[in-house]
Amino acid sequence: EEQVVESGGGLVQPGESLRLSCTASGFSIRDTDMVWLRQTPGKGLEWVSTFRARSLDKSYSNSVKGRFTLSRDTAKNTLYLQMDSLEIEDTAVYYCAPASRWSTRGQGTQVTVSS
């Protein structure tokens with residue numbers, strides 16, 4: 001069974017950083033394009049970033065470009081999202097999932113940016 005578990009969220013002040021982790025099981029992130037998504041109350045899922053498994057290309061939404069950075073550790077089957085210069089608008093529940101199967105996302109991890 002394919003599963004992902006997101007972790008690393010928390011409460012931070014504007015300008016601070018967090019690193020989110022996404023640990024997969026039942027499939028290999030080495031061969032799977034992965035995405036980070038986020039959701040705020042009353043809104044749909046918002047695409048944040050994509051890590052292309054084979055090309056190693058990374059793409060980001062305009063709202064996070066230059067502040068968020070993707071990386072992965074294939075030995076741990078884990079994808080990371082380094083989030084720097086966090087803004088209040090980044091407050092959301094963050095999910096990861098295979099790019100072609102957003103429904104495989106986990107429970108998510110809450111990120112709250114507040115002064």
# chains A, B, ... in the order shown; residues from 1 in each chain; ligands from 1

$ residues_around --residues "region 67-77 of chain A" --least-positions-apart "6" --cutoff "10 Å" --atoms "only C-alpha atoms" --output "ChimeraX atom specification"
/A:4,17-25,27-31,35-36,48-51,53,56-61,83-87

$ write_last_selection --atoms "N, CA, C and O atoms" --output "short mmCIF file (atom, residue, chain, number, x, y, z; two decimals), in the first residue's frame"
data_model
loop_
_atom_site.label_atom_id
_atom_site.label_comp_id
_atom_site.auth_asym_id
_atom_site.auth_seq_id
_atom_site.Cartn_x
_atom_site.Cartn_y
_atom_site.Cartn_z
N VAL A 4 2.30 8.07 2.48
CA VAL A 4 3.28 9.11 2.79
C VAL A 4 2.93 9.67 4.16
O VAL A 4 1.76 9.70 4.55
N SER A 17 12.32 29.89 9.60
CA SER A 17 12.40 28.76 8.67
C SER A 17 11.84 27.49 9.30
O SER A 17 11.80 27.35 10.53
N LEU A 18 11.44 26.59 8.43
CA LEU A 18 11.04 25.24 8.81
C LEU A 18 11.49 24.29 7.70
O LEU A 18 11.58 24.70 6.53
N ARG A 19 11.72 23.03 8.08
CA ARG A 19 11.97 22.00 7.07
C ARG A 19 10.94 20.90 7.24
O ARG A 19 10.86 20.27 8.30
N LEU A 20 10.16 20.70 6.20
CA LEU A 20 9.16 19.64 6.21
C LEU A 20 9.76 18.36 5.62
O LEU A 20 10.59 18.42 4.71
N SER A 21 9.29 17.23 6.13
CA SER A 21 9.71 15.93 5.63
C SER A 21 8.50 15.15 5.14
O SER A 21 7.40 15.29 5.67
N CYS A 22 8.75 14.34 4.13
CA CYS A 22 7.71 13.48 3.58
C CYS A 22 8.34 12.10 3.38
O CYS A 22 9.15 11.93 2.46
N THR A 23 7.97 11.17 4.22
CA THR A 23 8.53 9.83 4.13
C THR A 23 7.52 8.90 3.47
O THR A 23 6.37 8.81 3.92
N ALA A 24 7.97 8.26 2.41
CA ALA A 24 7.09 7.41 1.62
C ALA A 24 7.31 5.94 1.93
O ALA A 24 8.41 5.52 2.29
N SER A 25 6.26 5.17 1.76
CA SER A 25 6.35 3.72 1.85
C SER A 25 5.44 3.11 0.79
O SER A 25 4.46 3.73 0.38
N PHE A 27 6.28 2.63 -2.24
CA PHE A 27 6.80 3.04 -3.53
C PHE A 27 8.10 3.78 -3.29
O PHE A 27 8.39 4.19 -2.16
N SER A 28 8.86 3.97 -4.36
CA SER A 28 10.15 4.63 -4.25
C SER A 28 10.10 6.03 -4.81
O SER A 28 9.68 6.24 -5.94
N ILE A 29 10.54 7.01 -4.02
CA ILE A 29 10.57 8.38 -4.53
C ILE A 29 11.67 8.54 -5.58
O ILE A 29 11.67 9.51 -6.33
N ARG A 30 12.58 7.56 -5.66
CA ARG A 30 13.63 7.63 -6.68
C ARG A 30 13.01 7.58 -8.08
O ARG A 30 13.54 8.18 -9.02
N ASP A 31 11.88 6.91 -8.20
CA ASP A 31 11.24 6.71 -9.50
C ASP A 31 9.92 7.44 -9.65
O ASP A 31 9.21 7.24 -10.64
N VAL A 35 5.08 15.88 -5.41
CA VAL A 35 4.64 17.26 -5.24
C VAL A 35 4.42 17.57 -3.76
O VAL A 35 4.15 16.69 -2.96
N TRP A 36 4.56 18.84 -3.45
CA TRP A 36 4.10 19.40 -2.18
C TRP A 36 2.87 20.25 -2.51
O TRP A 36 2.87 20.99 -3.51
N VAL A 48 2.39 23.61 -4.62
CA VAL A 48 3.52 24.38 -4.11
C VAL A 48 4.79 24.10 -4.91
O VAL A 48 5.50 25.02 -5.31
N SER A 49 5.10 22.81 -5.11
CA SER A 49 6.35 22.48 -5.79
C SER A 49 6.31 21.04 -6.30
O SER A 49 5.52 20.23 -5.83
N THR A 50 7.19 20.78 -7.27
CA THR A 50 7.32 19.45 -7.87
C THR A 50 8.78 19.06 -7.97
O THR A 50 9.60 19.88 -8.38
N PHE A 51 9.06 17.83 -7.62
CA PHE A 51 10.40 17.26 -7.79
C PHE A 51 10.30 16.14 -8.82
O PHE A 51 9.63 15.14 -8.61
N ALA A 53 11.54 13.04 -10.62
CA ALA A 53 12.40 11.97 -10.12
C ALA A 53 13.59 11.68 -11.01
O ALA A 53 14.71 11.48 -10.52
N LEU A 56 15.51 15.26 -12.07
CA LEU A 56 15.88 16.00 -10.86
C LEU A 56 15.50 17.48 -10.96
O LEU A 56 15.97 18.31 -10.18
N ASP A 57 14.66 17.80 -11.95
CA ASP A 57 14.17 19.18 -12.06
C ASP A 57 13.24 19.50 -10.89
O ASP A 57 12.48 18.64 -10.41
N LYS A 58 13.30 20.73 -10.46
CA LYS A 58 12.44 21.19 -9.38
C LYS A 58 11.68 22.43 -9.86
O LYS A 58 12.26 23.29 -10.52
N SER A 59 10.41 22.50 -9.55
CA SER A 59 9.63 23.67 -9.91
C SER A 59 8.83 24.13 -8.70
O SER A 59 8.49 23.34 -7.82
N TYR A 60 8.57 25.43 -8.68
CA TYR A 60 7.92 26.05 -7.54
C TYR A 60 6.83 27.01 -8.00
O TYR A 60 6.96 27.64 -9.06
N SER A 61 5.83 27.18 -7.19
CA SER A 61 4.82 28.19 -7.49
C SER A 61 5.45 29.57 -7.31
O SER A 61 6.44 29.74 -6.58
N MET A 83 11.78 25.59 3.96
CA MET A 83 10.99 26.80 3.82
C MET A 83 11.69 27.92 4.59
O MET A 83 11.76 27.87 5.83
N ASP A 84 12.19 28.88 3.88
CA ASP A 84 12.88 30.03 4.48
C ASP A 84 12.04 31.29 4.28
O ASP A 84 11.16 31.35 3.44
N SER A 85 12.37 32.31 5.06
CA SER A 85 11.68 33.60 4.95
C SER A 85 10.17 33.41 4.95
O SER A 85 9.46 33.96 4.09
N LEU A 86 9.69 32.64 5.89
CA LEU A 86 8.27 32.32 5.92
C LEU A 86 7.44 33.59 6.11
O LEU A 86 7.83 34.52 6.83
N GLU A 87 6.29 33.59 5.46
CA GLU A 87 5.35 34.70 5.52
C GLU A 87 4.03 34.22 6.12
O GLU A 87 3.72 33.02 6.09
#

$ atom_distance --atom1 "CA of Thr112 (chain A)" --atom2 "CA of Asp33 (chain A)"
26.7 Å

$ atom_distance --atom1 "CA of Glu46 (chain A)" --atom2 "CA of Glu2 (chain A)"
21.8 Å

$ closest_residue --among "A:Ser100, A:Gly106, A:Ser114, A:Tyr95" --to "Gly15 (chain A)" --atoms "only C-alpha atoms"
A:Ser114

$ select_by_dssp --residues "chain A" --states "helix (DSSP H, G or I)" --output "PyMOL selection string"
chain A and resi 88-90+102-104

$ write_last_selection --atoms "N, CA and C atoms" --output "CSV table (one decimal), in the first residue's frame"
chain,number,residue,atom,x,y,z
A,88,ILE,N,3.3,35.2,6.6
A,88,ILE,CA,2.0,34.8,7.2
A,88,ILE,C,1.1,34.1,6.2
A,89,GLU,N,1.2,34.4,5.0
A,89,GLU,CA,0.4,33.8,3.9
A,89,GLU,C,0.8,32.3,3.6
A,90,ASP,N,1.9,31.9,4.2
A,90,ASP,CA,2.3,30.5,4.1
A,90,ASP,C,1.6,29.6,5.1
A,102,TRP,N,-2.6,12.7,-6.3
A,102,TRP,CA,-2.7,13.6,-5.2
A,102,TRP,C,-3.5,13.0,-4.0
A,103,SER,N,-4.3,12.0,-4.4
A,103,SER,CA,-5.2,11.4,-3.3
A,103,SER,C,-4.3,10.5,-2.4
A,104,THR,N,-3.1,10.2,-2.8
A,104,THR,CA,-2.2,9.4,-1.9
A,104,THR,C,-1.6,10.3,-0.8

$ select_by_dssp --residues "chain A" --states "strand (DSSP E or B)" --output "MDAnalysis selection string"
chainID A and resid 3:7 10:12 18:25 34:39 46:51 58:60 68:73 78:83 92:98 109:113

$ residues_around --residues "Ser115 (chain A)" --least-positions-apart "2" --cutoff "8 Å" --atoms "only C-alpha atoms" --output "list in words"
Val12, Gln13, Pro14 and Val113 of chain A

$ residues_around --residues "Val93 (chain A)" --least-positions-apart "4" --cutoff "8 Å" --atoms "only C-alpha atoms" --output "list in words"
Arg38, Gln39, Thr40, Gly108, Thr109, Gln110 and Val111 of chain A

$ closest_residue --among "A:Gly26, A:Lys43, A:Arg54, A:Glu16" --to "Glu1 (chain A)" --atoms "only C-alpha atoms"
A:Gly26
